[in-house]
$ cat input-v9.txt   # compact mmCIF, C-alpha atoms
# COMPACT_ATOMS: atom_id res chain seq x y z
CA LEU F 91 -93.27 -98.46 28.73
CA HIS F 92 -92.31 -101.94 27.68
CA PRO F 93 -93.15 -102.89 24.07
CA PRO F 94 -96.16 -105.11 23.38
CA TYR F 95 -95.29 -108.77 23.90
CA SER F 96 -95.74 -111.13 20.98
CA SER F 97 -94.99 -114.83 20.73
CA PRO F 98 -93.76 -116.32 17.45
CA GLY F 99 -96.42 -118.45 15.79
CA HIS F 100 -99.12 -117.26 18.20
CA SER F 101 -102.68 -117.09 16.94
CA ALA F 102 -104.28 -114.03 18.55
CA ALA F 103 -107.83 -114.68 17.42
CA MET F 104 -109.31 -113.05 20.51
CA SER F 105 -106.62 -110.69 21.80
CA ILE F 106 -106.80 -107.14 20.38
CA ALA F 107 -104.26 -105.43 22.65
CA ASN F 108 -101.42 -106.74 24.76
CA LEU F 109 -99.17 -104.32 26.64
CA ARG F 110 -96.66 -104.59 29.45
CA LEU F 111 -97.21 -101.77 31.96
CA ALA F 112 -94.97 -103.02 34.79
CA ASP F 113 -92.68 -105.87 35.80
CA SER F 114 -95.59 -107.44 37.68
CA ILE F 115 -99.26 -106.55 38.24
CA THR F 116 -101.35 -107.79 41.16
CA CYS F 117 -104.71 -106.30 40.08
CA HIS F 118 -106.25 -103.72 37.74
CA ALA F 119 -109.49 -101.81 37.11
CA TRP F 120 -110.94 -99.57 34.37
CA ASN F 121 -112.81 -96.29 34.59
CA ASN F 122 -116.34 -96.09 33.16
CA ASN F 123 -115.35 -95.57 29.50
CA CYS F 124 -112.11 -97.59 29.64
CA SER F 125 -110.00 -94.55 28.76
CA GLU F 126 -107.90 -95.08 31.90
CA VAL F 127 -106.69 -98.16 33.75
CA ALA F 128 -105.51 -98.39 37.36
CA ILE F 129 -102.93 -101.05 38.17
CA CYS F 130 -100.88 -102.14 41.17
CA PRO F 131 -97.29 -102.92 40.08
CA ASN F 132 -96.92 -105.44 42.93
CA ASN F 133 -96.07 -102.79 45.53
CA ASN F 134 -97.84 -100.20 47.68
CA GLN F 135 -98.73 -97.97 44.71
CA VAL F 136 -101.71 -97.62 42.42
CA GLN F 137 -100.68 -96.26 39.01
CA ILE F 138 -103.24 -94.83 36.58
CA PHE F 139 -102.43 -94.96 32.85
CA LYS F 140 -104.25 -93.23 30.01
CA ARG F 141 -105.33 -95.45 27.13
CA ASN F 142 -105.22 -94.38 23.48
CA GLY F 143 -106.82 -97.07 21.35
CA THR F 144 -104.62 -100.14 21.72
CA GLN F 145 -101.77 -98.20 23.34
CA PHE F 146 -101.10 -96.63 26.75
CA ASP F 147 -99.17 -93.50 27.60
CA PRO F 148 -95.60 -94.40 28.63
CA GLU F 149 -95.87 -92.70 32.03
CA PRO F 150 -98.72 -92.91 34.55
CA LEU F 151 -101.10 -89.97 34.86
CA HIS F 152 -101.33 -90.40 38.62
CA ILE F 153 -99.56 -92.42 41.30
CA LEU F 154 -101.49 -93.13 44.51
CA ASP F 155 -99.17 -94.21 47.32
CA GLU F 156 -101.20 -93.91 50.52
CA HIS F 157 -100.91 -97.63 51.28
CA ASP F 158 -97.90 -99.06 53.16
CA GLN F 159 -97.92 -102.57 51.69
CA VAL F 160 -98.90 -104.39 48.50
CA VAL F 161 -102.27 -103.33 47.08
CA SER F 162 -104.48 -106.42 46.76
CA GLY F 163 -107.67 -104.97 45.30
CA ILE F 164 -108.79 -102.12 43.03
CA ASP F 165 -112.37 -101.32 41.98
CA TRP F 166 -113.42 -98.23 40.02
CA ALA F 167 -117.05 -97.12 40.49
CA PRO F 168 -118.43 -96.28 37.01
CA LYS F 169 -121.23 -93.95 38.16
CA THR F 170 -119.51 -91.88 40.86
CA ASN F 171 -115.92 -92.20 39.53
CA ARG F 172 -114.66 -93.18 42.99
CA LEU F 173 -111.68 -95.50 43.22
CA LEU F 174 -111.62 -98.17 45.93
CA THR F 175 -108.34 -99.78 46.99
CA SER F 176 -107.43 -102.39 49.61
CA ALA F 177 -104.02 -103.68 50.67
CA HIS F 178 -102.02 -106.01 52.86
CA ASP F 179 -101.55 -103.12 55.31
CA ARG F 180 -105.11 -103.92 56.57
CA ASN F 181 -106.43 -100.64 55.17
CA ALA F 182 -108.77 -99.53 52.42
CA TYR F 183 -109.25 -96.10 50.88
CA VAL F 184 -111.94 -94.46 48.79
CA TRP F 185 -110.39 -91.98 46.36
CA ARG F 186 -112.22 -88.98 44.87
CA PHE F 187 -110.88 -87.03 41.90
CA GLU F 188 -110.98 -83.32 42.80
CA GLN F 189 -109.05 -80.47 41.18
CA ASN F 190 -107.00 -82.92 39.13
CA VAL F 191 -105.86 -84.77 42.28
CA TRP F 192 -106.97 -88.10 43.74
CA LYS F 193 -107.86 -87.54 47.41
CA PRO F 194 -108.23 -90.50 49.81
CA THR F 195 -110.95 -90.93 52.43
CA LEU F 196 -110.32 -93.16 55.43
CA VAL F 197 -112.12 -96.50 55.78
CA ILE F 198 -112.52 -98.09 59.22
CA LEU F 199 -112.16 -101.79 58.38
CA ARG F 200 -111.46 -103.09 61.92
CA ILE F 201 -109.42 -106.08 60.72
CA ASN F 202 -106.12 -107.47 62.05
CA ARG F 203 -105.02 -109.33 58.93
CA ALA F 204 -104.38 -108.34 55.31
CA ALA F 205 -107.21 -107.19 53.07
CA THR F 206 -107.36 -109.49 50.03
CA HIS F 207 -110.03 -108.05 47.72
CA CYS F 208 -112.57 -105.22 47.46
CA LYS F 209 -115.76 -104.64 45.49
CA TRP F 210 -118.27 -101.78 45.13
CA SER F 211 -121.96 -102.69 45.33
CA PRO F 212 -124.01 -102.07 42.15
CA ASN F 213 -125.59 -98.91 43.63
CA GLU F 214 -122.13 -97.71 44.77
CA ASN F 215 -123.48 -96.75 48.21
CA LYS F 216 -121.41 -99.41 50.01
CA PHE F 217 -118.62 -101.87 49.34
CA ALA F 218 -117.17 -105.12 50.67
CA VAL F 219 -113.58 -105.89 51.63
CA ALA F 220 -112.39 -109.50 52.03
CA SER F 221 -109.58 -110.27 54.45
CA GLY F 222 -107.33 -112.80 56.09
CA ALA F 223 -109.14 -112.11 59.36
CA LYS F 224 -111.89 -114.59 58.29
CA VAL F 225 -114.37 -111.73 57.94
CA VAL F 226 -115.81 -109.49 55.24
CA SER F 227 -116.08 -105.80 56.08
CA VAL F 228 -119.19 -104.27 54.52
CA CYS F 229 -118.58 -100.52 54.52
CA TYR F 230 -120.92 -97.55 54.18
CA PHE F 231 -120.41 -93.81 54.48
CA GLU F 232 -121.04 -91.98 57.75
CA VAL F 233 -121.68 -88.34 56.86
CA ASP F 234 -121.23 -86.91 60.37
CA ASN F 235 -117.64 -88.17 60.69
CA ASP F 236 -116.74 -88.02 56.98
CA TRP F 237 -115.43 -91.57 56.87
CA TRP F 238 -116.47 -95.06 55.86
CA VAL F 239 -117.44 -97.41 58.68
CA SER F 240 -117.91 -101.16 58.52
CA LYS F 241 -119.98 -104.06 59.74
CA HIS F 242 -118.49 -107.55 59.77
CA ILE F 243 -119.79 -110.70 58.12
CA LYS F 244 -118.27 -113.68 59.92
CA LYS F 245 -118.85 -117.46 59.77
CA HIS F 246 -115.77 -118.13 57.62
CA LYS F 247 -113.17 -120.58 58.92
CA SER F 248 -110.24 -119.22 56.92
CA THR F 249 -109.15 -116.34 54.65
CA VAL F 250 -111.80 -114.81 52.42
CA LEU F 251 -110.20 -114.48 48.98
CA LYS F 252 -112.89 -112.80 46.84
CA VAL F 253 -116.33 -111.22 47.13
CA ASP F 254 -119.05 -110.33 44.62
CA TRP F 255 -122.33 -108.42 44.91
CA HIS F 256 -125.63 -109.64 43.52
CA PRO F 257 -127.31 -107.20 41.08
CA ASN F 258 -129.97 -106.46 43.75
CA ASN F 259 -127.31 -104.72 45.91
CA ILE F 260 -128.17 -106.95 48.91
CA LEU F 261 -126.82 -110.48 48.43
CA LEU F 262 -123.08 -110.96 48.80
CA ALA F 263 -121.17 -114.04 47.64
CA THR F 264 -117.79 -114.95 49.15
CA ALA F 265 -114.95 -117.29 48.16
CA SER F 266 -112.84 -118.69 50.98
CA SER F 267 -109.78 -120.88 51.45
CA ASP F 268 -111.84 -123.04 53.82
CA PHE F 269 -113.12 -124.89 50.71
CA LYS F 270 -116.49 -123.11 50.71
CA ALA F 271 -118.40 -120.57 48.65
CA ARG F 272 -121.14 -118.79 50.56
CA VAL F 273 -124.00 -116.35 50.09
CA PHE F 274 -124.77 -113.78 52.80
CA SER F 275 -127.15 -110.89 53.26
CA GLY F 276 -125.40 -107.53 53.03
CA PHE F 277 -128.51 -105.51 53.86
CA ILE F 278 -127.75 -102.38 55.91
CA LYS F 279 -130.63 -100.54 57.54
CA GLY F 280 -130.67 -96.87 56.65
CA VAL F 281 -128.56 -97.44 53.56
CA ASP F 282 -130.51 -100.00 51.54
CA GLU F 283 -134.15 -100.12 50.60
CA ARG F 284 -136.08 -103.16 51.72
CA PRO F 285 -135.39 -105.96 49.24
CA GLY F 286 -138.20 -107.61 47.38
CA GLU F 287 -138.50 -111.33 46.90
CA THR F 288 -135.21 -113.08 46.06
CA PRO F 289 -134.29 -116.73 45.45
CA PHE F 290 -133.10 -116.71 49.08
CA GLY F 291 -136.30 -115.23 50.51
CA SER F 292 -137.31 -111.69 51.45
CA ARG F 293 -136.25 -111.59 55.10
CA LEU F 294 -132.55 -110.82 54.87
CA PRO F 295 -131.03 -109.47 58.11
CA PHE F 296 -127.40 -108.36 57.83
CA GLY F 297 -124.83 -111.15 58.03
CA GLU F 298 -127.34 -113.97 57.64
CA LEU F 299 -125.79 -117.04 56.01
CA LEU F 300 -128.20 -117.91 53.20
CA ALA F 301 -126.35 -120.70 51.38
CA GLU F 302 -123.10 -122.63 51.54
CA TYR F 303 -121.53 -124.60 48.70
CA PRO F 304 -118.67 -127.08 49.30
CA SER F 305 -115.59 -127.60 47.18
CA ASN F 306 -112.51 -129.84 47.19
CA GLY F 307 -110.00 -127.00 47.34
CA TRP F 308 -109.52 -123.32 48.03
CA VAL F 309 -112.29 -121.32 46.38
CA HIS F 310 -110.34 -118.64 44.53
CA SER F 311 -113.14 -116.55 43.03
CA VAL F 312 -116.92 -116.23 42.92
CA LYS F 313 -119.18 -114.29 40.54
CA TRP F 314 -122.89 -113.66 40.06
CA ALA F 315 -124.31 -113.86 36.55
CA PRO F 316 -125.81 -110.63 35.14
CA SER F 317 -129.35 -111.91 35.87
CA GLY F 318 -128.50 -112.80 39.46
CA MET F 319 -130.04 -116.23 38.90
CA GLN F 320 -126.71 -118.07 38.56
CA LEU F 321 -123.59 -118.16 40.69
CA ALA F 322 -120.20 -119.50 39.62
CA PHE F 323 -117.08 -120.22 41.64
CA CYS F 324 -113.68 -121.74 40.86
CA SER F 325 -111.53 -123.84 43.17
CA HIS F 326 -107.99 -125.16 43.40
CA ASP F 327 -108.93 -128.68 42.31
CA SER F 328 -109.28 -127.46 38.68
CA THR F 329 -113.04 -127.21 38.98
CA VAL F 330 -115.52 -124.49 38.06
CA SER F 331 -118.93 -124.87 39.70
CA PHE F 332 -122.24 -123.35 38.61
CA VAL F 333 -125.31 -122.85 40.82
CA ASP F 334 -128.71 -122.17 39.27
CA VAL F 335 -130.97 -120.51 41.86
CA SER F 336 -133.79 -119.59 39.46
CA GLY F 337 -135.97 -122.24 41.10
CA GLY F 338 -135.08 -121.07 44.62
CA ALA F 339 -132.18 -121.53 47.02
CA PRO F 340 -129.93 -123.38 47.52
CA GLY F 341 -130.28 -124.16 43.81
CA GLN F 342 -128.92 -126.81 41.47
CA LEU F 343 -125.13 -127.28 41.55
CA GLN F 344 -123.07 -128.41 38.55
CA SER F 345 -119.30 -128.85 38.82
CA VAL F 346 -117.12 -128.94 35.72
CA LYS F 347 -113.75 -130.66 36.11
CA PHE F 348 -111.30 -129.68 33.38
CA ASN F 349 -107.93 -131.00 32.29
CA GLY F 350 -105.49 -128.28 33.28
CA LEU F 351 -104.18 -126.19 36.13
CA PRO F 352 -106.52 -124.32 38.51
CA VAL F 353 -108.38 -121.15 37.60
CA VAL F 354 -108.03 -118.21 40.01
CA ASP F 355 -110.48 -115.66 38.56
CA ILE F 356 -113.66 -115.90 36.49
CA LEU F 357 -115.92 -113.56 34.51
CA TRP F 358 -119.41 -114.03 33.05
CA LEU F 359 -119.59 -113.12 29.34
CA ASN F 360 -123.35 -113.75 29.29
CA GLU F 361 -125.84 -116.13 30.89
CA ASP F 362 -124.48 -119.06 28.86
CA ALA F 363 -120.75 -118.35 28.78
CA LEU F 364 -118.02 -117.81 31.37
CA VAL F 365 -114.28 -117.29 31.04
CA GLY F 366 -111.69 -118.26 33.65
CA ILE F 367 -107.97 -117.59 33.93
CA GLY F 368 -105.23 -119.01 36.10
CA PHE F 369 -102.12 -121.17 36.26
CA ASP F 370 -102.41 -122.31 32.62
CA ASN F 371 -101.70 -118.68 31.62
CA ASN F 372 -104.53 -119.10 29.13
CA PRO F 373 -108.20 -117.97 29.28
CA LEU F 374 -110.57 -120.94 29.43
CA LEU F 375 -114.10 -120.74 28.03
CA PHE F 376 -117.00 -122.59 29.66
CA SER F 377 -120.44 -122.68 28.04
CA ARG F 378 -123.94 -123.93 28.76
CA ASN F 379 -125.85 -126.01 26.24
CA GLY F 380 -129.23 -127.51 27.04
CA GLY F 381 -128.85 -126.62 30.71
CA THR F 382 -125.50 -128.43 31.05
CA TRP F 383 -122.20 -126.63 31.59
CA SER F 384 -118.95 -127.87 30.06
CA PHE F 385 -115.43 -126.75 29.23
CA THR F 386 -115.37 -125.47 25.62
CA LYS F 387 -111.89 -124.33 24.64
CA ARG F 388 -108.78 -122.32 25.43
CA LEU F 389 -108.98 -118.84 23.95
CA ASP F 390 -105.23 -118.41 23.54
CA GLU F 391 -104.64 -121.56 21.51
CA ALA F 392 -101.27 -121.68 19.76
CA LYS F 393 -100.69 -123.52 16.52
CA LYS F 394 -99.58 -127.09 17.11
CA GLU F 395 -96.60 -126.78 14.83
CA ALA F 396 -95.43 -123.65 16.63
CA ALA F 397 -95.80 -125.42 19.97
CA ALA F 398 -93.75 -128.37 18.72
CA ALA F 399 -91.08 -126.06 17.36
CA GLY F 400 -91.02 -124.20 20.66
CA ALA F 401 -90.56 -127.46 22.58
CA ASN F 402 -87.66 -128.53 20.34
CA ARG F 403 -86.03 -125.13 20.70
CA ALA F 404 -86.42 -125.27 24.51
CA ALA F 405 -84.68 -128.66 24.61
CA PHE F 406 -81.82 -127.32 22.49
CA ASN F 407 -81.46 -124.23 24.69
CA MET F 408 -81.35 -126.36 27.83
CA PHE F 409 -78.57 -128.56 26.36
CA LYS F 410 -76.68 -125.43 25.25
CA ALA F 411 -76.94 -123.90 28.72
CA LYS F 412 -75.57 -127.08 30.32
CA VAL F 413 -72.57 -127.15 27.95
CA GLU F 414 -71.71 -123.44 28.08
CA VAL F 415 -72.48 -122.34 31.64
CA GLY F 416 -73.30 -125.53 33.52
CA ALA F 417 -76.90 -124.46 34.10
CA GLU F 418 -79.56 -127.11 34.51
CA SER F 419 -82.30 -124.99 32.94
CA ASN F 420 -82.77 -122.10 30.55
CA VAL F 421 -85.43 -119.39 30.55
CA THR F 422 -87.74 -119.65 27.55
CA ASN F 423 -90.88 -117.85 26.49
CA LEU F 424 -94.19 -119.64 26.97
CA ASN F 425 -96.33 -120.07 23.90
CA THR F 426 -99.09 -117.89 25.38
CA LEU F 427 -99.66 -114.16 25.64
CA HIS F 428 -99.30 -114.21 29.42
CA GLN F 429 -95.86 -115.34 30.53
CA ASN F 430 -96.73 -115.67 34.23
CA LEU F 431 -99.84 -116.21 36.31
CA PRO F 432 -102.75 -114.01 35.11
CA ASN F 433 -104.87 -113.46 38.20
CA CYS F 434 -107.35 -110.67 37.42
CA LEU F 435 -110.22 -110.47 34.91
CA LYS F 436 -112.30 -107.33 34.30
CA SER F 437 -115.24 -106.59 32.01
CA MET F 438 -114.77 -103.55 29.79
CA ASN F 439 -118.50 -103.12 29.14
CA PRO F 440 -120.42 -104.38 32.19
CA GLY F 441 -123.90 -105.59 31.36
CA ALA F 442 -125.86 -108.59 30.19
CA SER F 443 -123.35 -109.37 27.42
CA VAL F 444 -119.60 -108.68 27.64
CA ARG F 445 -118.02 -107.76 24.29
CA GLU F 446 -114.52 -106.97 25.60
CA PHE F 447 -112.66 -107.97 28.75
CA SER F 448 -109.13 -107.64 30.08
CA SER F 449 -106.69 -109.78 31.99
CA SER F 450 -103.58 -108.87 33.97
CA GLY F 451 -100.96 -110.95 35.69
CA LEU F 452 -97.65 -111.34 37.42
CA ASP F 453 -95.87 -110.87 34.07
CA GLY F 454 -96.86 -107.18 34.12
CA ILE F 455 -99.04 -107.57 31.01
CA VAL F 456 -102.56 -106.20 30.49
CA SER F 457 -104.33 -108.03 27.66
CA VAL F 458 -107.59 -106.91 26.08
CA TRP F 459 -109.77 -109.67 24.61
CA LYS F 460 -112.67 -109.33 22.19
CA ASN F 461 -115.60 -111.69 22.63

$ encode --input "input-v9.txt" --output "structure tokens"
Amino acid sequence: LHPPYSSPGHSAAMSIANLRLADSITCHAWNNNCSEVAICPNNNQVQIFKRNGTQFDPEPLHILDEHDQVVSGIDWAPKTNRLLTSAHDRNAYVWRFEQNVWKPTLVILRINRAATHCKWSPNENKFAVASGAKVVSVCYFEVDNDWWVSKHIKKHKSTVLKVDWHPNNILLATASSDFKARVFSGFIKGVDERPGETPFGSRLPFGELLAEYPSNGWVHSVKWAPSGMQLAFCSHDSTVSFVDVSGGAPGQLQSVKFNGLPVVDILWLNEDALVGIGFDNNPLLFSRNGGTWSFTKRLDEAKKEAAAAGANRAAFNMFKAKVEVGAESNVTNLNTLHQNLPNCLKSMNPGASVREFSSSGLDGIVSVWKN
């Protein structure tokens, strides 16, 4: 286990734990009480580590290696303790913990491109898998054959990057690289109960496109608010957009342009606050005041004097490298907790108000943040 990373002069006002579990992490997920975390160390494995306070055991409890290529999505069902994984090998597995062993169950995705993300529905009776095949596979269990079968949601023009379920277990939001965020019906007859009235109506046949929201870049992530009355999505033009559907669909759209690099994942802290993380290597806080959303602050702010000192030291190191070894650049630490792209945010207490959340990234670090 690598030692916790710390940056000289860093003000960790929000971070309460910061540990390197691998050389690189593509995604992570927690069990229901956050005593264990599952990560993908940028390969075909899922490694499960036990957490003890602010530390992790040095070796993984379990290693799941059923996939053949890089695992792109992990979601841990809190009620049923089933682990869902998806990967670039175009497969997904549902894992059950029996007799101290994680056992996989086959999922029939019927896709011919990589799976990019996966997400359990709130009732945990179905799940969605995004893919490069321009479809979302909505999967449910078929008892007779003991496997998970799928139905496809189409109407995307490019790769679907992320998906998120509405709290009512029916509506499904998607983020796509075709510059659109969309809302579909994920209702499956025989699996779901008839939905009541929603902001998008009450007649919701499977696969129906209910709303479509444009952007000026790839839509990296999309998330429903805890109430289900707001939808947020982030895009590659350094914009986070908010849709209020409390008055009915398609709702009122607000787009917040911020000064920085794009955000690739977002998480609602409550109905009036959202955090995003991406190429700035720094969590960004957005808040709503008087019905208007705006960028508030960076949560991993370093002291100005430390940043200046770091810049001077970087210049000196670059000059030294040129003189001694003829190199044009020198590797230096960034003045943030994450040293490479953080691309995954998870709530550690799902509900109306998030008190703690975690981030992981290509630097192999899992950071726990206190709200």

$ residues_around --input "input-v9.txt" --residues "stretch 353-358 of chain F" --least-positions-apart "5" --cutoff "7 Å" --atoms "all atoms listed in the file" --output "list in words"
His310, Ser311, Lys313, Ala315, Cys324, Ser325, Ser328, Ala363, Leu364, Val365, Gly366, Ile367, Gly368, Phe369, Asn433, Cys434 and Leu435 of chain F

$ closest_residue --input "input-v9.txt" --among "F:Asn171, F:Ala265, F:Ile260, F:Val309" --to "F:Glu287" --atoms "all atoms listed in the file"
F:Ile260

$ closest_residue --input "input-v9.txt" --among "F:Glu446, F:Asp453, F:Glu361, F:Asp158" --to "F:Gly381" --atoms "all atoms listed in the file"
F:Glu361

$ atom_distance --input "input-v9.txt" --atom1 "atom CA of F:Pro194" --atom2 "atom CA of F:Cys130"
16.3 Å

$ closest_residue --input "input-v9.txt" --among "F:Leu375, F:Leu424, F:Leu251, F:Ile164" --to "F:Arg388" --atoms "all atoms listed in the file"
F:Leu375

$ closest_residue --input "input-v9.txt" --among "F:Leu374, F:Val184, F:Val444, F:Ala204" --to "F:Gly222" --atoms "all atoms listed in the file"
F:Ala204

$ axis_aligned_box --input "input-v9.txt" --around "stretch 212-216 of chain F" --padding-each-side "6 Å" --output "lines of an AutoDock Vina configuration file"
center_x = -123.5
center_y = -99.4
center_z = 46.1
size_x = 16.2
size_y = 17.3
size_z = 19.9

$ residues_around --input "input-v9.txt" --residues "F:Arg200" --least-positions-apart "4" --cutoff "12 Å" --atoms "all atoms listed in the file" --output "PyMOL selection string"
chain F and resi 179-182+196+204-205+219-221+223+225-229+238-243

$ closest_residue --input "input-v9.txt" --among "F:Pro148, F:Pro285, F:Gly338, F:Pro212" --to "F:Pro316" --atoms "only C-alpha atoms"
F:Pro212

$ atom_distance --input "input-v9.txt" --atom1 "atom CA of F:Asn108" --atom2 "atom CA of F:Val458"
6.3 Å

$ atom_distance --input "input-v9.txt" --atom1 "atom CA of F:Phe290" --atom2 "atom CA of F:Ala339"
5.3 Å

$ closest_residue --input "input-v9.txt" --among "F:Ser443, F:Gln320, F:Asn425, F:Ser450" --to "F:Leu109" --atoms "all atoms listed in the file"
F:Ser450

$ residues_around --input "input-v9.txt" --residues "F:Leu173" --least-positions-apart "6" --cutoff "12 Å" --atoms "only C-alpha atoms" --output "VMD selection string"
chain F and resid 118 to 122 126 to 129 136 to 138 154 163 to 167 182 to 187 192 to 195 208 to 210 214 217

$ residues_around --input "input-v9.txt" --residues "stretch 268-276 of chain F" --least-positions-apart "4" --cutoff "8 Å" --atoms "only C-alpha atoms" --output "number ranges by chain"
F: 228, 243, 246-249, 259-264, 294-309, 312, 323, 325

$ residues_around --input "input-v9.txt" --residues "F:Lys460" --least-positions-apart "2" --cutoff "9 Å" --atoms "all atoms listed in the file" --output "ChimeraX atom specification"
/F:103-106,444-448,458
